[in-house]
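Data file: run_35.txt. Format and content: compact mmCIF, N, CA and C atoms.
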```txt
# COMPACT_ATOMS: atom_id res chain seq x y z
N MET A 24 -34.19 -85.53 -36.09
CA MET A 24 -33.19 -86.47 -35.70
C MET A 24 -32.66 -86.10 -34.33
N ALA A 25 -33.50 -85.66 -33.46
CA ALA A 25 -33.04 -85.31 -32.12
C ALA A 25 -32.34 -86.50 -31.50
N CYS A 26 -31.23 -86.23 -30.92
CA CYS A 26 -30.40 -87.29 -30.35
C CYS A 26 -29.82 -86.77 -29.05
N SER A 27 -29.95 -87.54 -27.99
CA SER A 27 -29.49 -87.05 -26.69
C SER A 27 -27.98 -86.82 -26.67
N ALA A 28 -27.24 -87.44 -27.58
CA ALA A 28 -25.79 -87.23 -27.65
C ALA A 28 -25.46 -85.79 -28.05
N ILE A 29 -26.41 -85.11 -28.64
CA ILE A 29 -26.20 -83.71 -29.03
C ILE A 29 -25.89 -82.87 -27.79
N TRP A 30 -26.53 -83.18 -26.68
CA TRP A 30 -26.29 -82.41 -25.45
C TRP A 30 -24.84 -82.56 -24.99
N MET A 31 -24.29 -83.75 -25.15
CA MET A 31 -22.90 -83.95 -24.77
C MET A 31 -21.99 -83.12 -25.69
N GLY A 32 -22.33 -83.10 -26.96
CA GLY A 32 -21.58 -82.29 -27.91
C GLY A 32 -21.69 -80.81 -27.62
N GLU A 33 -22.87 -80.37 -27.21
CA GLU A 33 -23.04 -78.96 -26.86
C GLU A 33 -22.11 -78.57 -25.71
N ILE A 34 -22.01 -79.44 -24.72
CA ILE A 34 -21.10 -79.17 -23.59
C ILE A 34 -19.65 -79.21 -24.07
N ALA A 35 -19.31 -80.22 -24.86
CA ALA A 35 -17.92 -80.38 -25.32
C ALA A 35 -17.46 -79.17 -26.12
N LEU A 36 -18.34 -78.59 -26.92
CA LEU A 36 -17.95 -77.53 -27.85
C LEU A 36 -18.24 -76.12 -27.36
N CYS A 37 -19.00 -76.00 -26.29
CA CYS A 37 -19.41 -74.67 -25.84
C CYS A 37 -18.23 -73.86 -25.31
N GLN A 38 -18.38 -72.57 -25.37
CA GLN A 38 -17.41 -71.62 -24.81
C GLN A 38 -18.16 -70.81 -23.75
N PRO A 39 -18.12 -71.24 -22.49
CA PRO A 39 -18.90 -70.56 -21.46
C PRO A 39 -18.45 -69.11 -21.26
N LEU A 40 -19.42 -68.26 -21.10
CA LEU A 40 -19.14 -66.85 -20.83
C LEU A 40 -19.00 -66.59 -19.34
N HIS A 41 -19.64 -67.45 -18.54
CA HIS A 41 -19.61 -67.26 -17.09
C HIS A 41 -19.86 -68.62 -16.45
N ASP A 42 -18.92 -69.08 -15.65
CA ASP A 42 -19.03 -70.38 -15.00
C ASP A 42 -18.33 -70.30 -13.63
N PRO A 43 -18.83 -69.43 -12.74
CA PRO A 43 -18.12 -69.18 -11.49
C PRO A 43 -17.98 -70.41 -10.59
N ASP A 44 -18.89 -71.36 -10.69
CA ASP A 44 -18.82 -72.55 -9.86
C ASP A 44 -18.19 -73.74 -10.60
N SER A 45 -17.69 -73.50 -11.79
CA SER A 45 -17.03 -74.52 -12.63
C SER A 45 -17.94 -75.71 -12.94
N LEU A 46 -19.24 -75.48 -13.00
CA LEU A 46 -20.17 -76.56 -13.33
C LEU A 46 -19.99 -77.00 -14.78
N ILE A 47 -19.89 -76.03 -15.67
CA ILE A 47 -19.71 -76.37 -17.08
C ILE A 47 -18.33 -76.99 -17.29
N ALA A 48 -17.33 -76.46 -16.64
CA ALA A 48 -15.97 -77.01 -16.75
C ALA A 48 -15.95 -78.48 -16.33
N ALA A 49 -16.66 -78.80 -15.27
CA ALA A 49 -16.70 -80.19 -14.80
C ALA A 49 -17.38 -81.09 -15.82
N LEU A 50 -18.47 -80.61 -16.40
CA LEU A 50 -19.15 -81.40 -17.44
C LEU A 50 -18.27 -81.53 -18.68
N LYS A 51 -17.62 -80.44 -19.08
CA LYS A 51 -16.74 -80.45 -20.24
C LYS A 51 -15.63 -81.49 -20.08
N ALA A 52 -15.09 -81.59 -18.89
CA ALA A 52 -14.01 -82.54 -18.63
C ALA A 52 -14.44 -83.98 -18.89
N ARG A 53 -15.74 -84.23 -18.79
CA ARG A 53 -16.25 -85.59 -18.99
C ARG A 53 -16.46 -85.92 -20.47
N THR A 54 -16.26 -84.94 -21.36
CA THR A 54 -16.51 -85.16 -22.78
C THR A 54 -15.24 -85.51 -23.56
N ALA A 55 -14.09 -85.43 -22.92
CA ALA A 55 -12.83 -85.72 -23.62
C ALA A 55 -12.03 -86.74 -22.80
N PRO A 56 -11.51 -87.74 -23.41
CA PRO A 56 -11.62 -88.01 -24.84
C PRO A 56 -13.03 -88.49 -25.21
N TYR A 57 -13.30 -88.46 -26.50
CA TYR A 57 -14.59 -88.91 -27.01
C TYR A 57 -14.81 -90.36 -26.56
N PRO A 58 -15.92 -90.63 -25.91
CA PRO A 58 -16.14 -91.98 -25.34
C PRO A 58 -16.36 -93.06 -26.40
N ARG A 59 -15.62 -94.13 -26.27
CA ARG A 59 -15.78 -95.27 -27.18
C ARG A 59 -17.21 -95.82 -27.13
N ALA A 60 -17.81 -95.83 -25.95
CA ALA A 60 -19.19 -96.33 -25.81
C ALA A 60 -20.16 -95.45 -26.59
N LEU A 61 -19.92 -94.14 -26.61
CA LEU A 61 -20.78 -93.25 -27.39
C LEU A 61 -20.61 -93.52 -28.87
N ARG A 62 -19.37 -93.67 -29.30
CA ARG A 62 -19.08 -93.99 -30.71
C ARG A 62 -19.83 -95.24 -31.12
N ASP A 63 -19.71 -96.29 -30.33
CA ASP A 63 -20.35 -97.56 -30.66
C ASP A 63 -21.87 -97.43 -30.66
N ALA A 64 -22.42 -96.72 -29.70
CA ALA A 64 -23.87 -96.56 -29.62
C ALA A 64 -24.41 -95.76 -30.80
N LEU A 65 -23.71 -94.69 -31.18
CA LEU A 65 -24.17 -93.89 -32.31
C LEU A 65 -24.08 -94.68 -33.61
N MET A 66 -23.03 -95.43 -33.77
CA MET A 66 -22.90 -96.24 -34.97
C MET A 66 -23.99 -97.31 -35.03
N GLN A 67 -24.27 -97.94 -33.90
CA GLN A 67 -25.33 -98.94 -33.86
C GLN A 67 -26.69 -98.30 -34.16
N ARG A 68 -26.89 -97.12 -33.63
CA ARG A 68 -28.18 -96.42 -33.79
C ARG A 68 -28.40 -95.95 -35.23
N PHE A 69 -27.36 -95.45 -35.89
CA PHE A 69 -27.56 -94.78 -37.18
C PHE A 69 -27.11 -95.58 -38.39
N GLN A 70 -26.18 -96.51 -38.28
CA GLN A 70 -25.67 -97.17 -39.48
C GLN A 70 -26.75 -97.99 -40.18
N TRP A 71 -27.55 -98.72 -39.45
CA TRP A 71 -28.59 -99.53 -40.08
C TRP A 71 -29.64 -98.67 -40.76
N GLU A 72 -29.83 -97.47 -40.21
CA GLU A 72 -30.91 -96.61 -40.72
C GLU A 72 -30.62 -96.03 -42.09
N ILE A 73 -29.35 -95.99 -42.48
CA ILE A 73 -29.00 -95.51 -43.81
C ILE A 73 -29.67 -96.39 -44.87
N LEU A 74 -29.42 -97.68 -44.79
CA LEU A 74 -30.01 -98.61 -45.75
C LEU A 74 -31.53 -98.66 -45.61
N PHE A 75 -32.02 -98.56 -44.40
CA PHE A 75 -33.47 -98.54 -44.16
C PHE A 75 -34.12 -97.37 -44.92
N GLY A 76 -33.49 -96.20 -44.85
CA GLY A 76 -34.01 -95.03 -45.56
C GLY A 76 -33.99 -95.23 -47.07
N ILE A 77 -32.90 -95.79 -47.57
CA ILE A 77 -32.79 -96.04 -49.01
C ILE A 77 -33.86 -97.02 -49.46
N GLU A 78 -34.02 -98.09 -48.71
CA GLU A 78 -35.02 -99.10 -49.08
C GLU A 78 -36.43 -98.55 -49.02
N ASN A 79 -36.72 -97.69 -48.06
CA ASN A 79 -38.03 -97.05 -48.01
C ASN A 79 -38.25 -96.16 -49.22
N ALA A 80 -37.22 -95.43 -49.61
CA ALA A 80 -37.33 -94.58 -50.80
C ALA A 80 -37.57 -95.43 -52.04
N GLU A 81 -36.91 -96.56 -52.13
CA GLU A 81 -37.09 -97.43 -53.30
C GLU A 81 -38.53 -97.94 -53.40
N LEU A 82 -39.19 -98.12 -52.27
CA LEU A 82 -40.60 -98.53 -52.30
C LEU A 82 -41.48 -97.46 -52.92
N ALA A 83 -41.04 -96.22 -52.86
CA ALA A 83 -41.83 -95.11 -53.42
C ALA A 83 -41.54 -94.88 -54.90
N LEU A 84 -40.52 -95.53 -55.45
CA LEU A 84 -40.18 -95.32 -56.86
C LEU A 84 -41.34 -95.61 -57.81
N PRO A 85 -42.04 -96.74 -57.67
CA PRO A 85 -43.14 -97.01 -58.61
C PRO A 85 -44.25 -95.96 -58.56
N ARG A 86 -44.43 -95.34 -57.43
CA ARG A 86 -45.46 -94.30 -57.28
C ARG A 86 -44.95 -92.93 -57.73
N GLY A 87 -43.64 -92.81 -57.88
CA GLY A 87 -43.05 -91.52 -58.25
C GLY A 87 -43.25 -90.48 -57.17
N ASP A 88 -43.24 -90.93 -55.93
CA ASP A 88 -43.48 -90.05 -54.79
C ASP A 88 -42.20 -89.27 -54.45
N SER A 89 -41.99 -88.19 -55.17
CA SER A 89 -40.75 -87.40 -55.06
C SER A 89 -40.50 -86.89 -53.64
N SER A 90 -41.55 -86.45 -52.97
CA SER A 90 -41.38 -85.91 -51.62
C SER A 90 -40.89 -86.99 -50.66
N HIS A 91 -41.49 -88.16 -50.76
CA HIS A 91 -41.08 -89.26 -49.87
C HIS A 91 -39.64 -89.69 -50.20
N ILE A 92 -39.32 -89.78 -51.46
CA ILE A 92 -37.97 -90.17 -51.87
C ILE A 92 -36.95 -89.17 -51.34
N ALA A 93 -37.24 -87.89 -51.51
CA ALA A 93 -36.32 -86.84 -51.04
C ALA A 93 -36.18 -86.89 -49.52
N GLY A 94 -37.28 -87.11 -48.82
CA GLY A 94 -37.24 -87.19 -47.36
C GLY A 94 -36.40 -88.37 -46.89
N CYS A 95 -36.57 -89.51 -47.53
CA CYS A 95 -35.78 -90.69 -47.16
C CYS A 95 -34.31 -90.48 -47.49
N ALA A 96 -34.04 -89.81 -48.61
CA ALA A 96 -32.65 -89.53 -49.00
C ALA A 96 -32.00 -88.62 -47.97
N TYR A 97 -32.73 -87.59 -47.54
CA TYR A 97 -32.18 -86.69 -46.53
C TYR A 97 -31.87 -87.45 -45.25
N ARG A 98 -32.79 -88.29 -44.84
CA ARG A 98 -32.58 -89.05 -43.61
C ARG A 98 -31.36 -89.97 -43.73
N ALA A 99 -31.22 -90.64 -44.86
CA ALA A 99 -30.06 -91.51 -45.07
C ALA A 99 -28.76 -90.70 -45.01
N LEU A 100 -28.76 -89.53 -45.63
CA LEU A 100 -27.56 -88.69 -45.62
C LEU A 100 -27.27 -88.16 -44.21
N ALA A 101 -28.30 -87.80 -43.48
CA ALA A 101 -28.10 -87.34 -42.10
C ALA A 101 -27.50 -88.45 -41.25
N CYS A 102 -27.94 -89.67 -41.48
CA CYS A 102 -27.39 -90.81 -40.74
C CYS A 102 -25.95 -91.08 -41.14
N ILE A 103 -25.62 -90.89 -42.41
CA ILE A 103 -24.22 -91.01 -42.84
C ILE A 103 -23.37 -90.01 -42.07
N GLY A 104 -23.87 -88.80 -41.91
CA GLY A 104 -23.15 -87.79 -41.13
C GLY A 104 -22.93 -88.24 -39.70
N GLN A 105 -23.96 -88.78 -39.08
CA GLN A 105 -23.83 -89.26 -37.70
C GLN A 105 -22.75 -90.32 -37.59
N VAL A 106 -22.74 -91.25 -38.52
CA VAL A 106 -21.76 -92.34 -38.47
C VAL A 106 -20.34 -91.80 -38.69
N LEU A 107 -20.17 -90.91 -39.65
CA LEU A 107 -18.83 -90.36 -39.91
C LEU A 107 -18.31 -89.56 -38.72
N PHE A 108 -19.18 -88.77 -38.09
CA PHE A 108 -18.74 -88.02 -36.91
C PHE A 108 -18.34 -88.98 -35.80
N ALA A 109 -19.14 -90.02 -35.57
CA ALA A 109 -18.82 -90.99 -34.53
C ALA A 109 -17.51 -91.71 -34.83
N LEU A 110 -17.33 -92.14 -36.07
CA LEU A 110 -16.10 -92.83 -36.46
C LEU A 110 -14.85 -91.99 -36.19
N ASN A 111 -15.01 -90.68 -36.31
CA ASN A 111 -13.88 -89.78 -36.14
C ASN A 111 -13.81 -89.17 -34.75
N GLY A 112 -14.68 -89.62 -33.84
CA GLY A 112 -14.65 -89.12 -32.47
C GLY A 112 -14.96 -87.64 -32.38
N GLN A 113 -15.88 -87.20 -33.21
CA GLN A 113 -16.28 -85.79 -33.25
C GLN A 113 -17.74 -85.67 -32.84
N TYR A 114 -18.04 -84.65 -32.11
CA TYR A 114 -19.43 -84.42 -31.68
C TYR A 114 -20.20 -83.72 -32.79
N LEU A 115 -21.36 -84.27 -33.12
CA LEU A 115 -22.25 -83.67 -34.11
C LEU A 115 -23.39 -82.99 -33.36
N ILE A 116 -23.49 -81.69 -33.51
CA ILE A 116 -24.57 -80.98 -32.81
C ILE A 116 -25.58 -80.38 -33.78
N ASN A 117 -25.30 -80.46 -35.08
CA ASN A 117 -26.20 -79.88 -36.06
C ASN A 117 -25.94 -80.52 -37.41
N GLU A 118 -26.99 -80.96 -38.09
CA GLU A 118 -26.83 -81.61 -39.38
C GLU A 118 -26.47 -80.62 -40.49
N LYS A 119 -26.80 -79.34 -40.29
CA LYS A 119 -26.51 -78.35 -41.33
C LYS A 119 -25.01 -78.26 -41.56
N GLY A 120 -24.58 -78.59 -42.76
CA GLY A 120 -23.17 -78.52 -43.10
C GLY A 120 -22.34 -79.69 -42.59
N ALA A 121 -22.97 -80.65 -41.93
CA ALA A 121 -22.22 -81.75 -41.32
C ALA A 121 -21.47 -82.58 -42.35
N LEU A 122 -22.07 -82.83 -43.51
CA LEU A 122 -21.40 -83.67 -44.49
C LEU A 122 -20.22 -82.95 -45.14
N VAL A 123 -20.30 -81.64 -45.24
CA VAL A 123 -19.16 -80.87 -45.76
C VAL A 123 -17.99 -81.00 -44.78
N VAL A 124 -18.28 -80.89 -43.50
CA VAL A 124 -17.25 -81.06 -42.47
C VAL A 124 -16.71 -82.49 -42.51
N ALA A 125 -17.62 -83.46 -42.59
CA ALA A 125 -17.23 -84.87 -42.56
C ALA A 125 -16.36 -85.25 -43.76
N ALA A 126 -16.51 -84.54 -44.85
CA ALA A 126 -15.70 -84.83 -46.04
C ALA A 126 -14.22 -84.61 -45.78
N ASP A 127 -13.88 -83.79 -44.79
CA ASP A 127 -12.48 -83.49 -44.47
C ASP A 127 -11.94 -84.32 -43.30
N PHE A 128 -12.73 -85.22 -42.76
CA PHE A 128 -12.26 -86.06 -41.67
C PHE A 128 -11.18 -87.03 -42.15
N ALA A 129 -10.39 -87.52 -41.21
CA ALA A 129 -9.37 -88.52 -41.53
C ALA A 129 -10.01 -89.80 -42.05
N VAL A 130 -11.11 -90.20 -41.44
CA VAL A 130 -11.85 -91.39 -41.87
C VAL A 130 -13.14 -90.89 -42.51
N THR A 131 -13.21 -91.01 -43.83
CA THR A 131 -14.39 -90.53 -44.55
C THR A 131 -14.57 -91.32 -45.83
N VAL A 132 -15.63 -91.03 -46.52
CA VAL A 132 -15.93 -91.66 -47.80
C VAL A 132 -15.31 -90.79 -48.90
N ASP A 133 -14.61 -91.42 -49.81
CA ASP A 133 -14.00 -90.67 -50.91
C ASP A 133 -15.05 -89.92 -51.71
N GLY A 134 -14.74 -88.66 -52.02
CA GLY A 134 -15.61 -87.85 -52.86
C GLY A 134 -16.96 -87.55 -52.24
N LEU A 135 -17.04 -87.52 -50.94
CA LEU A 135 -18.33 -87.37 -50.24
C LEU A 135 -19.11 -86.16 -50.71
N THR A 136 -18.49 -84.99 -50.73
CA THR A 136 -19.22 -83.77 -51.08
C THR A 136 -19.81 -83.85 -52.48
N ALA A 137 -19.02 -84.29 -53.43
CA ALA A 137 -19.50 -84.39 -54.81
C ALA A 137 -20.60 -85.44 -54.94
N ARG A 138 -20.47 -86.52 -54.23
CA ARG A 138 -21.47 -87.58 -54.31
C ARG A 138 -22.79 -87.16 -53.69
N VAL A 139 -22.72 -86.42 -52.59
CA VAL A 139 -23.95 -85.90 -51.98
C VAL A 139 -24.62 -84.91 -52.93
N ALA A 140 -23.83 -84.03 -53.53
CA ALA A 140 -24.38 -83.08 -54.51
C ALA A 140 -25.03 -83.83 -55.67
N ASP A 141 -24.42 -84.93 -56.08
CA ASP A 141 -24.97 -85.73 -57.17
C ASP A 141 -26.32 -86.32 -56.78
N VAL A 142 -26.46 -86.80 -55.54
CA VAL A 142 -27.75 -87.33 -55.08
C VAL A 142 -28.83 -86.26 -55.26
N TRP A 143 -28.55 -85.04 -54.81
CA TRP A 143 -29.56 -83.98 -54.88
C TRP A 143 -29.81 -83.52 -56.32
N ARG A 144 -28.77 -83.52 -57.14
CA ARG A 144 -28.95 -83.16 -58.55
C ARG A 144 -29.86 -84.17 -59.23
N LEU A 145 -29.62 -85.45 -58.95
CA LEU A 145 -30.43 -86.50 -59.56
C LEU A 145 -31.88 -86.45 -59.06
N ILE A 146 -32.06 -86.22 -57.78
CA ILE A 146 -33.43 -86.10 -57.26
C ILE A 146 -34.12 -84.90 -57.89
N GLY A 147 -33.41 -83.78 -57.99
CA GLY A 147 -33.98 -82.57 -58.58
C GLY A 147 -34.37 -82.73 -60.04
N SER A 148 -33.71 -83.64 -60.73
CA SER A 148 -34.05 -83.87 -62.14
C SER A 148 -34.89 -85.13 -62.33
N SER A 149 -35.51 -85.55 -61.25
CA SER A 149 -36.43 -86.71 -61.23
C SER A 149 -35.78 -88.02 -61.65
N GLN A 150 -34.47 -88.13 -61.47
CA GLN A 150 -33.76 -89.39 -61.71
C GLN A 150 -33.60 -90.11 -60.37
N HIS A 151 -34.75 -90.46 -59.81
CA HIS A 151 -34.78 -90.99 -58.44
C HIS A 151 -34.02 -92.29 -58.28
N ALA A 152 -34.19 -93.21 -59.24
CA ALA A 152 -33.50 -94.50 -59.12
C ALA A 152 -31.98 -94.31 -59.12
N ALA A 153 -31.49 -93.43 -59.97
CA ALA A 153 -30.05 -93.18 -60.02
C ALA A 153 -29.58 -92.53 -58.72
N ALA A 154 -30.37 -91.64 -58.16
CA ALA A 154 -30.02 -91.01 -56.89
C ALA A 154 -29.91 -92.05 -55.79
N LEU A 155 -30.86 -92.96 -55.76
CA LEU A 155 -30.85 -94.00 -54.72
C LEU A 155 -29.71 -94.98 -54.93
N GLN A 156 -29.34 -95.22 -56.18
CA GLN A 156 -28.17 -96.07 -56.44
C GLN A 156 -26.89 -95.39 -55.93
N THR A 157 -26.80 -94.09 -56.11
CA THR A 157 -25.65 -93.33 -55.57
C THR A 157 -25.62 -93.44 -54.06
N LEU A 158 -26.79 -93.33 -53.43
CA LEU A 158 -26.86 -93.49 -51.98
C LEU A 158 -26.45 -94.90 -51.54
N ARG A 159 -26.88 -95.90 -52.29
CA ARG A 159 -26.51 -97.29 -51.96
C ARG A 159 -24.99 -97.46 -52.01
N THR A 160 -24.36 -96.85 -53.00
CA THR A 160 -22.91 -96.93 -53.13
C THR A 160 -22.24 -96.22 -51.96
N LEU A 161 -22.76 -95.07 -51.58
CA LEU A 161 -22.23 -94.37 -50.39
C LEU A 161 -22.36 -95.23 -49.15
N GLU A 162 -23.50 -95.85 -48.97
CA GLU A 162 -23.74 -96.70 -47.80
C GLU A 162 -22.75 -97.86 -47.79
N ARG A 163 -22.54 -98.47 -48.93
CA ARG A 163 -21.59 -99.60 -49.02
C ARG A 163 -20.17 -99.15 -48.70
N ASP A 164 -19.79 -98.01 -49.26
CA ASP A 164 -18.44 -97.49 -49.01
C ASP A 164 -18.25 -97.12 -47.54
N LEU A 165 -19.28 -96.59 -46.93
CA LEU A 165 -19.21 -96.26 -45.49
C LEU A 165 -19.06 -97.52 -44.66
N ARG A 166 -19.82 -98.55 -45.01
CA ARG A 166 -19.72 -99.83 -44.28
C ARG A 166 -18.30 -100.39 -44.38
N GLU A 167 -17.68 -100.22 -45.52
CA GLU A 167 -16.31 -100.73 -45.71
C GLU A 167 -15.29 -100.03 -44.82
N ILE A 168 -15.49 -98.75 -44.54
CA ILE A 168 -14.52 -98.04 -43.70
C ILE A 168 -14.86 -98.09 -42.21
N SER A 169 -16.07 -98.55 -41.92
CA SER A 169 -16.45 -98.63 -40.50
C SER A 169 -16.39 -100.06 -40.08
```
Now, as a test, write the supplied structure out as structure tokens.
Amino acid sequence: MACSAIWMGEIALCQPLHDPDSLIAALKARTAPYPRALRDALMQRFQWEILFGIENAELALPRGDSSHIAGCAYRALACIGQVLFALNGQYLINEKGALVVAADFAVTVDGLTARVADVWRLIGSSQHAAALQTLRTLERDLREIS
């Protein structure tokens, strides 16, 4: 999920050890406040992909293709993270742990952490349709707050 916005987040969040010519400081100054255009672009880029991932996973249900279903579920969840970070004007530079962080944002989906854990529990126990239904509910709830 490489995204060029990650570079802006890297600058915004970095703690330079040495910047004698203030090059990093100048770039950092351009990252605050969080740009509305970036928020809108990230939401446009990632919000549609949540449902796209879920629908692709549903196509694999009749085949019982667990790997494909899990991959699509991960992608949908990663896109949920992108949207939540954008909605809250926060830079996302790494998907690892992003949904745990997003669960504490001012604008978030109720019960996010537990619901994400439920998706993975259901996938792990081969209850793929139920996992995808949980994802669909998350996607709907996210659309309502965005």
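Distance check against Ile77 in chain A using all atoms listed in the file: of A:Ser148, A:Gln156, A:Gln105, A:Ser45, the minimum falls on A:Gln156.
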Quick one: everything within 12 Å of range 53-69 of chain A, counting only C-alpha atoms, minus sequence neighbours fewer than 4 positions away in the same chain. Send it as number ranges by chain. A: 24, 26-37, 46-49, 73-76, 98-115, 162, 165-166, 169
What's around Ala93 in chain A at 7 Å? Count only N, CA and C atoms, leave out sequence neighbours fewer than 4 positions away in its own chain, and write the answer as JSON, numbers by chain. {"A": [80, 88, 89, 97, 98, 146]}
In Å, rounded to a single decimal, give me how far CA of Ala154 in chain A is from atom C of Ile92 in chain A. 9.1 Å
Would you pick out the contacts of Thr136 in chain A at 8 Å or less, using all atoms listed in the file, so that residues sharing its chain but fewer than 2 positions from it are not included, and give the list as a list in words? Leu122, Val123, Ala125, Ala126, Asp127, Val132, Asp133, Gly134, Arg138, Val139, Ala140, Asp141 and Val142 of chain A
Residue nearest Leu155 in chain A among A:Ile168, A:Leu135, A:Ala129, A:Ala96 (counting all atoms listed in the file): A:Ala96
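Separating CA of His151 in chain A from CA of Gly87 in chain A is a distance of 8.3 Å.
Interatomic distance, atom N of Lys51 in chain A to atom C of Ile116 in chain A: 16.7 Å.
Of the residues listed (A:Thr131, A:Ser149, A:Ala137, A:Leu82), A:Thr131 shows the shortest atom-to-atom separation from Asp164 in chain A; distances use only N, CA and C atoms.
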Just asking: which residues within chain A are helix (DSSP H, G or I) according to DSSP, as an MDAnalysis selection string? chainID A and resid 28:36 46:52 59:83 89:110 121:125 135:147 151:168
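Nearest to Ala152 in chain A of all the residues A:Leu50, A:Asp44, A:Cys95, A:Leu84 is A:Leu84, counting all atoms listed in the file.
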Could range 129-161 of chain A be written out with C-alpha atoms, as a short mmCIF file (atom, residue, chain, number, x, y, z; two decimals), in the first residue's frame, please?
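Okay, part00.cif is ready:
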```
data_model
loop_
_atom_site.label_atom_id
_atom_site.label_comp_id
_atom_site.auth_asym_id
_atom_site.auth_seq_id
_atom_site.Cartn_x
_atom_site.Cartn_y
_atom_site.Cartn_z
CA ALA A 129 -11.94 11.70 18.07
CA VAL A 130 -13.63 10.57 14.84
CA THR A 131 -13.65 6.79 14.69
CA VAL A 132 -15.85 3.74 14.36
CA ASP A 133 -17.34 2.50 17.61
CA GLY A 134 -15.72 -0.66 18.92
CA LEU A 135 -13.10 -0.65 16.17
CA THR A 136 -10.46 -2.74 17.94
CA ALA A 137 -12.90 -5.46 19.00
CA ARG A 138 -14.54 -5.56 15.58
CA VAL A 139 -11.20 -5.91 13.80
CA ALA A 140 -10.25 -8.72 16.18
CA ASP A 141 -13.59 -10.35 15.40
CA VAL A 142 -12.87 -10.23 11.65
CA TRP A 143 -9.60 -12.11 12.19
CA ARG A 144 -11.13 -14.57 14.67
CA LEU A 145 -13.86 -15.40 12.16
CA ILE A 146 -11.39 -15.77 9.30
CA GLY A 147 -9.18 -17.98 11.48
CA SER A 148 -12.11 -20.26 12.23
CA SER A 149 -13.13 -20.42 8.54
CA GLN A 150 -16.29 -18.36 9.10
CA HIS A 151 -15.45 -16.27 6.08
CA ALA A 152 -18.96 -15.03 5.26
CA ALA A 153 -19.45 -13.79 8.83
CA ALA A 154 -16.05 -12.06 8.74
CA LEU A 155 -16.96 -10.28 5.53
CA GLN A 156 -20.33 -9.26 6.97
CA THR A 157 -18.47 -7.71 9.92
CA LEU A 158 -16.27 -5.86 7.44
CA ARG A 159 -19.33 -4.66 5.52
CA THR A 160 -20.78 -3.26 8.75
CA LEU A 161 -17.48 -1.51 9.51
#
```
